[in-house]
Structure formats: C-alpha cells, structure tokens
$ cat final_39.cif   # mmCIF, C-alpha atoms
data_target
loop_
_atom_site.label_atom_id
_atom_site.label_comp_id
_atom_site.auth_asym_id
_atom_site.auth_seq_id
_atom_site.Cartn_x
_atom_site.Cartn_y
_atom_site.Cartn_z
CA ILE A 55 0.00 0.00 0.00
CA ASN A 56 1.54 3.28 -1.10
CA GLY A 57 0.60 6.12 1.23
CA ARG A 58 -2.62 6.60 3.14
CA VAL A 59 -5.94 5.27 1.89
CA ASP A 60 -9.45 5.87 3.17
CA ARG A 61 -11.22 2.85 1.66
CA VAL A 62 -10.31 -0.77 2.29
CA VAL A 63 -12.19 -3.97 1.51
CA LEU A 64 -10.90 -7.00 3.41
CA ILE A 65 -12.21 -10.26 1.98
CA TYR A 66 -11.92 -13.10 4.46
CA VAL A 67 -12.21 -16.50 2.75
CA GLY A 68 -12.71 -19.37 5.19
CA ALA A 69 -10.12 -22.19 5.20
CA LEU A 70 -8.16 -20.78 2.26
CA GLY A 71 -4.77 -22.21 3.11
CA TYR A 72 -1.70 -21.23 1.12
CA TYR A 73 -1.47 -24.63 -0.55
CA ARG A 74 -5.17 -24.66 -1.32
CA TYR A 75 -4.76 -21.26 -2.96
CA GLN A 76 -1.85 -22.59 -5.03
CA ASP A 77 -4.01 -25.52 -6.11
CA GLY A 78 -6.72 -23.03 -7.07
CA GLN A 79 -4.23 -21.09 -9.18
CA ALA A 80 -3.03 -24.23 -10.92
CA ASN A 81 -6.61 -25.19 -11.75
CA GLY A 82 -7.80 -21.74 -12.87
CA LEU A 83 -10.15 -21.25 -9.91
CA VAL A 84 -8.94 -17.94 -8.47
CA ALA A 85 -8.50 -15.60 -11.44
CA ASN A 86 -9.99 -12.59 -9.64
CA MET A 87 -8.01 -13.02 -6.44
CA SER A 88 -4.77 -13.66 -8.30
CA SER A 89 -5.29 -10.54 -10.43
CA LEU A 90 -4.45 -8.51 -7.31
CA GLY A 91 -0.88 -9.77 -7.25
CA GLU A 92 1.30 -12.45 -5.73
CA PRO A 93 0.33 -13.76 -2.29
CA THR A 94 2.47 -13.41 0.79
CA LYS A 95 2.93 -16.76 2.50
CA ALA A 96 1.82 -15.93 6.04
CA THR A 97 1.27 -17.91 9.22
CA CYS A 98 -2.02 -17.89 11.10
CA VAL A 99 -2.08 -18.04 14.90
CA PHE A 100 -2.29 -21.32 16.76
CA PRO A 101 -4.58 -23.14 17.26
CA SER A 102 -5.48 -22.86 13.58
CA ILE A 103 -9.22 -22.48 14.16
CA THR A 104 -11.73 -19.88 13.07
CA GLN A 105 -12.65 -17.96 16.23
CA ASN A 106 -9.05 -17.74 17.35
CA ASN A 107 -7.82 -16.22 14.11
CA ALA A 108 -10.83 -13.99 13.50
CA LYS A 109 -10.27 -12.39 16.91
CA ALA A 110 -6.55 -11.95 16.25
CA MET A 111 -7.25 -10.39 12.86
CA VAL A 112 -9.61 -7.69 14.18
CA THR A 113 -7.69 -6.88 17.38
CA GLY A 114 -4.07 -7.47 16.43
CA LEU A 115 -3.71 -9.46 19.65
CA ALA A 116 -2.30 -12.96 19.78
CA PRO A 117 -4.36 -15.55 21.68
CA ASN A 118 -3.61 -16.13 25.33
CA LEU A 119 -2.53 -19.77 25.28
CA SER A 120 -2.81 -20.07 29.06
CA LYS A 121 -6.40 -18.83 29.07
CA GLY A 122 -7.65 -21.57 26.76
CA ASP A 123 -10.73 -19.74 25.47
CA PHE A 124 -9.87 -20.35 21.82
CA ARG A 125 -13.46 -20.89 20.75
CA SER A 126 -14.85 -17.85 22.55
CA TYR A 127 -16.52 -15.31 20.30
CA GLU A 128 -15.48 -12.35 22.48
CA PRO A 129 -12.46 -10.35 21.27
CA ALA A 130 -9.71 -9.74 23.82
CA GLY A 131 -9.68 -5.98 23.20
CA LYS A 132 -10.99 -3.25 20.96
CA THR A 133 -11.38 -4.26 17.34
CA ILE A 134 -10.33 -2.25 14.31
CA VAL A 135 -14.05 -1.85 13.59
CA ASP A 136 -14.62 -0.26 17.03
CA ILE A 137 -11.60 2.04 16.68
CA LEU A 138 -12.56 3.35 13.25
CA ASN A 139 -16.19 3.91 14.23
CA GLU A 140 -15.13 5.75 17.40
CA ASN A 141 -12.97 8.08 15.31
CA GLY A 142 -15.53 9.30 12.81
CA MET A 143 -15.09 6.66 10.13
CA TYR A 144 -17.39 3.81 9.20
CA ALA A 145 -16.32 0.17 9.43
CA VAL A 146 -18.55 -2.88 9.10
CA TRP A 147 -18.29 -6.67 9.18
CA VAL A 148 -20.54 -8.41 6.62
CA GLU A 149 -21.40 -12.01 7.40
CA GLY A 150 -23.84 -14.87 7.02
CA THR A 151 -25.80 -15.99 10.07
CA SER A 152 -22.94 -17.14 12.33
CA PRO A 153 -20.11 -14.61 12.79
CA PRO A 154 -16.91 -16.07 14.28
CA VAL A 155 -16.36 -13.00 16.47
CA ASN A 156 -18.72 -10.60 18.22
CA ILE A 157 -18.40 -7.17 16.62
CA THR A 158 -20.81 -4.34 17.30
CA SER A 159 -21.11 -3.26 13.66
CA THR A 160 -22.06 -6.54 11.99
CA VAL A 161 -24.43 -6.99 9.06
CA SER A 162 -25.78 -10.56 8.88
CA ARG A 163 -27.50 -12.10 5.88
CA SER A 164 -29.52 -15.31 5.92
CA ASP A 165 -29.45 -17.86 3.15
CA ALA A 166 -32.18 -17.99 0.52
CA ASN A 167 -30.72 -20.54 -1.90
CA GLY A 168 -28.26 -22.95 -0.27
CA THR A 169 -25.47 -20.60 0.82
CA PRO A 170 -25.55 -17.04 2.17
CA ASP A 171 -22.42 -16.04 0.24
CA ASP A 172 -24.33 -14.39 -2.63
CA GLU A 173 -26.42 -12.42 -0.13
CA VAL A 174 -23.22 -11.46 1.73
CA THR A 175 -21.74 -10.24 -1.57
CA ASP A 176 -24.71 -7.99 -2.29
CA ALA A 177 -24.73 -6.66 1.29
CA ALA A 178 -21.01 -5.89 1.12
CA ILE A 179 -21.47 -3.98 -2.12
CA TRP A 180 -24.32 -2.00 -0.56
CA GLU A 181 -22.21 -1.13 2.51
CA TYR A 182 -19.31 -0.04 0.32
CA ARG A 183 -21.55 2.11 -1.84
CA THR A 184 -22.98 3.80 1.24
CA GLY A 185 -19.49 4.94 2.18
CA ALA A 186 -17.89 2.33 4.42
CA ASN A 187 -14.20 3.07 4.96
CA LEU A 188 -13.49 -0.53 5.96
CA THR A 189 -15.69 -3.37 4.74
CA ILE A 190 -14.79 -6.82 6.08
CA VAL A 191 -16.50 -9.55 4.05
CA HIS A 192 -16.58 -13.11 5.41
CA PHE A 193 -17.21 -16.01 3.03
CA LYS A 194 -17.76 -19.30 4.82
CA SER A 195 -18.78 -21.93 2.25
CA THR A 196 -15.16 -22.73 1.38
CA ASP A 197 -14.76 -23.87 5.00
CA LEU A 198 -18.01 -25.85 5.06
CA GLU A 199 -17.31 -27.69 1.79
CA MET A 200 -13.76 -28.41 2.96
CA HIS A 201 -15.07 -30.10 6.12
CA ASP A 202 -17.74 -32.06 4.26
CA HIS A 203 -15.77 -33.17 1.19
CA GLY A 204 -12.12 -32.17 1.49
CA PRO A 205 -10.27 -29.10 0.17
CA TYR A 206 -9.20 -30.74 -3.11
CA SER A 207 -12.46 -32.53 -3.83
CA PRO A 208 -14.65 -31.36 -6.74
CA GLU A 209 -16.96 -29.73 -4.18
CA GLY A 210 -14.10 -28.03 -2.37
CA ARG A 211 -12.64 -26.67 -5.59
CA SER A 212 -16.05 -25.59 -6.88
CA SER A 213 -16.73 -23.61 -3.71
CA LEU A 214 -13.43 -21.76 -4.11
CA HIS A 215 -14.23 -20.96 -7.75
CA THR A 216 -17.66 -19.65 -6.73
CA ILE A 217 -16.18 -17.42 -4.03
CA ASP A 218 -13.67 -16.09 -6.54
CA SER A 219 -16.59 -15.05 -8.76
CA TYR A 220 -18.07 -13.13 -5.80
CA VAL A 221 -14.70 -11.49 -5.21
CA GLY A 222 -14.77 -10.40 -8.84
CA LYS A 223 -18.27 -8.99 -8.45
CA ILE A 224 -17.16 -6.92 -5.46
CA MET A 225 -14.01 -5.72 -7.19
CA GLY A 226 -16.08 -4.63 -10.16
CA VAL A 227 -17.85 -1.88 -8.18
CA LEU A 228 -14.88 -0.51 -6.22
CA ASP A 229 -13.60 3.01 -6.76
CA ARG A 230 -10.12 3.67 -8.04
CA GLY A 231 -7.64 3.71 -5.18
CA THR A 232 -9.57 1.27 -2.97
CA VAL A 233 -7.28 -1.28 -1.34
CA VAL A 234 -8.40 -4.93 -1.47
CA ILE A 235 -6.97 -7.52 0.92
CA ILE A 236 -7.58 -11.26 0.58
CA TYR A 237 -7.07 -13.06 3.88
CA SER A 238 -7.97 -16.34 5.54
CA ASP A 239 -8.31 -17.59 9.08
CA HIS A 240 -6.45 -20.88 8.64
CA GLY A 241 -5.56 -23.55 6.14
CA CYS A 242 -6.77 -27.13 6.03
CA HIS A 243 -5.80 -30.70 5.24
CA THR A 244 -7.47 -33.79 3.84
CA VAL A 245 -8.79 -36.49 6.17
CA GLU A 246 -10.51 -39.77 5.41
CA ASN A 247 -14.04 -38.39 5.17
CA GLY A 248 -13.42 -34.78 4.18
CA GLY A 249 -11.14 -32.10 5.60
CA ASN A 250 -10.06 -30.56 8.88
CA HIS A 251 -7.70 -28.02 10.50
CA GLY A 252 -6.50 -26.95 13.94
CA THR A 253 -3.03 -28.50 13.96
CA LEU A 254 0.48 -27.12 13.53
CA ILE A 255 1.09 -28.83 10.18
CA PRO A 256 1.97 -26.45 7.30
CA ASP A 257 -1.29 -27.11 5.44
CA ASP A 258 -3.23 -25.75 8.43
CA MET A 259 -0.90 -22.93 9.48
CA TYR A 260 0.07 -21.26 6.19
CA ILE A 261 -2.35 -18.82 4.56
CA PRO A 262 -2.08 -16.43 1.60
CA ILE A 263 -2.41 -12.69 2.13
CA ILE A 264 -2.92 -10.75 -1.09
CA VAL A 265 -2.96 -6.95 -1.18
CA GLY A 266 -3.86 -4.95 -4.26
CA THR A 267 -5.13 -1.50 -5.20
CA MET A 268 -7.93 -0.93 -7.67
#
$ encode --input "final_39.cif" --output "structure tokens"
Amino acid sequence: INGRVDRVVLIYVGALGYYRYQDGQANGLVANMSSLGEPTKATCVFPSITQNNAKAMVTGLAPNLSKGDFRSYEPAGKTIVDILNENGMYAVWVEGTSPPVNITSTVSRSDANGTPDDEVTDAAIWEYRTGANLTIVHFKSTDLEMHDHGPYSPEGRSSLHTIDSYVGKIMGVLDRGTVVIIYSDHGCHTVENGGNHGTLIPDDMYIPIIVGTM
C-alpha cells in the first residue's frame, strides 16, 4: 500500500490455506483473487481455528494460550471496527448468520438458496456504496465444503471458484484507489471423510495474504 488510503475492503475467505490457494491457481479457480498480485505466504495463529484467528485479525492481539478460550466469540480488546467507528469513520463486518467473532457493527444475511455467500456479496457492495471506509466480508462456504468433502475434492474446488466469482463482483464496483486484501483464518488438510484443521502442520498454518489496489 503506497501512502494513506481511506477505503479498504478485506475479503476473508474461510479455510483458504496457502497450498489450497496454489491448487486453485493451478486449476484456474482464483482468477480474480490472483489478479491482485502475488500472495504473501503468512502464518495464522495457533490453534489454527476460526474464532481464534478472526479475533486476532480484528484486534491485532495474539491468543492467550494459558487462558484456553480459543473458541470464545469475544475479542480480547478493541477491534479495528470499534476504533474506526469511534474516530468518525465507518467500518462494518458483513457475514452470514454465524459470525466467528462478536463485533458491534455486523451486518448478517440469511441464506435464501443454499449458501448465504451471494447475499453477503450484495450486502457488502451496498455497505461499500454507502461509504464504508473498511468493509470486512466473510465467506464461509469454502470452509463448510472443505469439512464435508475435502479441500481438493470437486466440491471443495467448486466452492473456491464460486467465491472467486463473488470477489470479482465486489471488485467490479470498487472506486479507483480502494485497497483490497484477501485473507484467511487458517488452512486445512485432507482427512478420510473430508477435511479438517487446527493442527500445527503447514497445510493448516500457512495462509495467503494478497494486497492490491484498484
């Protein structure tokens, strides 16, 4: 990011590990995300689970390993959403029906056709168009399909391709100069009957972070 910006869209794709992203690139599934530039190979916090990493992302605080409340939905301090809203800007978290962290400014959308991700996309676009300085968009179906079928199954790959199309739809309405960040909470690995995460293995711990400017 060169200099200061006043509009950021952070797109949080569930269970998009670094190696899963590479597989998506190799199979032509993430054309919109990859158009933003090369990913940084980053490490999520441990345990590599959703609530833990969502809280760390919005507060900048690492989990307290001695406390053991990894699956709590309560952030350990003020979130970036709180701070921006307290200082005259507008930040919002756009989600389906089950946010992984409790944030005061959350817009939830229920599902009308099998997944709430299309409704989340439309809500995020509406929030951006109304002037949000920071729009955090959480897509969850990539995580759900990973658990049910495995990250590299036809269903897992299809869900990633679908989310990439929603990313493209959002990018298509953004003003020039808007910064877009692609981020994930954790990676994932294949198990006998689907997929899982939560361990220290590289598949679970490495995530891509992609930053681009429209």
$ axis_aligned_box --input "final_39.cif" --around "range 127-131 of chain A" --padding-each-side "8 Å" --output "lines of an AutoDock Vina configuration file"
center_x = -13.1
center_y = -10.6
center_z = 22.1
size_x = 22.8
size_y = 25.3
size_z = 19.5
$ residues_around --input "final_39.cif" --residues "Thr175 in chain A" --least-positions-apart "4" --cutoff "9 Å" --atoms "all atoms listed in the file" --output "PyMOL selection string"
chain A and resi 148+170-171+179-180+191+193+220-221+223-224
$ atom_distance --input "final_39.cif" --atom1 "CA of Thr104 in chain A" --atom2 "CA of Thr133 in chain A"
16.2 Å
$ resolve_selection --input "final_39.cif" --expression "the PyMOL selection byres ((chain A and resi 101) around 10)" --output "PDB file with C-alpha atoms, in the coordinates of the input"
ATOM      1  CA  CYS A  98      -2.020 -17.890  11.100  1.00  0.00           C
ATOM      2  CA  VAL A  99      -2.080 -18.040  14.900  1.00  0.00           C
ATOM      3  CA  PHE A 100      -2.290 -21.320  16.760  1.00  0.00           C
ATOM      4  CA  SER A 102      -5.480 -22.860  13.580  1.00  0.00           C
ATOM      5  CA  ILE A 103      -9.220 -22.480  14.160  1.00  0.00           C
ATOM      6  CA  THR A 104     -11.730 -19.880  13.070  1.00  0.00           C
ATOM      7  CA  GLN A 105     -12.650 -17.960  16.230  1.00  0.00           C
ATOM      8  CA  ASN A 106      -9.050 -17.740  17.350  1.00  0.00           C
ATOM      9  CA  ASN A 107      -7.820 -16.220  14.110  1.00  0.00           C
ATOM     10  CA  PRO A 117      -4.360 -15.550  21.680  1.00  0.00           C
ATOM     11  CA  LEU A 119      -2.530 -19.770  25.280  1.00  0.00           C
ATOM     12  CA  PHE A 124      -9.870 -20.350  21.820  1.00  0.00           C
ATOM     13  CA  ARG A 125     -13.460 -20.890  20.750  1.00  0.00           C
ATOM     14  CA  HIS A 240      -6.450 -20.880   8.640  1.00  0.00           C
ATOM     15  CA  HIS A 251      -7.700 -28.020  10.500  1.00  0.00           C
ATOM     16  CA  GLY A 252      -6.500 -26.950  13.940  1.00  0.00           C
ATOM     17  CA  THR A 253      -3.030 -28.500  13.960  1.00  0.00           C
ATOM     18  CA  LEU A 254       0.480 -27.120  13.530  1.00  0.00           C
ATOM     19  CA  ASP A 258      -3.230 -25.750   8.430  1.00  0.00           C
ATOM     20  CA  MET A 259      -0.900 -22.930   9.480  1.00  0.00           C
TER      21      MET A 259
END
$ closest_residue --input "final_39.cif" --among "A:Ala186, A:Leu70, A:Ile236, A:Arg58" --to "Val265 in chain A" --atoms "all atoms listed in the file"
A:Ile236
$ residues_around --input "final_39.cif" --residues "Thr151 in chain A" --least-positions-apart "5" --cutoff "12 Å" --atoms "only C-alpha atoms" --output "number ranges by chain"
A: 160-166, 169-171, 173-174, 192-194
$ resolve_selection --input "final_39.cif" --expression "the PyMOL selection byres ((chain A and resi 196) around 6)" --output "NGL selection string"
:A and (68 or 194-195 or 197-199 or 213-214)
$ write_last_selection --input "final_39.cif" --atoms "C-alpha atoms" --output "mmCIF file, in the coordinates of the input"
data_model
loop_
_atom_site.group_PDB
_atom_site.id
_atom_site.type_symbol
_atom_site.label_atom_id
_atom_site.label_comp_id
_atom_site.auth_asym_id
_atom_site.auth_seq_id
_atom_site.Cartn_x
_atom_site.Cartn_y
_atom_site.Cartn_z
ATOM 1 C CA GLY A 68 -12.710 -19.370 5.190
ATOM 2 C CA LYS A 194 -17.760 -19.300 4.820
ATOM 3 C CA SER A 195 -18.780 -21.930 2.250
ATOM 4 C CA ASP A 197 -14.760 -23.870 5.000
ATOM 5 C CA LEU A 198 -18.010 -25.850 5.060
ATOM 6 C CA GLU A 199 -17.310 -27.690 1.790
ATOM 7 C CA SER A 213 -16.730 -23.610 -3.710
ATOM 8 C CA LEU A 214 -13.430 -21.760 -4.110
#
$ residues_around --input "final_39.cif" --residues "Val234 in chain A" --least-positions-apart "3" --cutoff "10 Å" --atoms "all atoms listed in the file" --output "list in words"
Ile55, Arg61, Val62, Val63, Leu64, Ile65, Met87, Leu90, Thr189, Val221, Ile224, Met225, Leu228, Gly231, Tyr237, Ile264, Val265, Gly266, Thr267 and Met268 of chain A
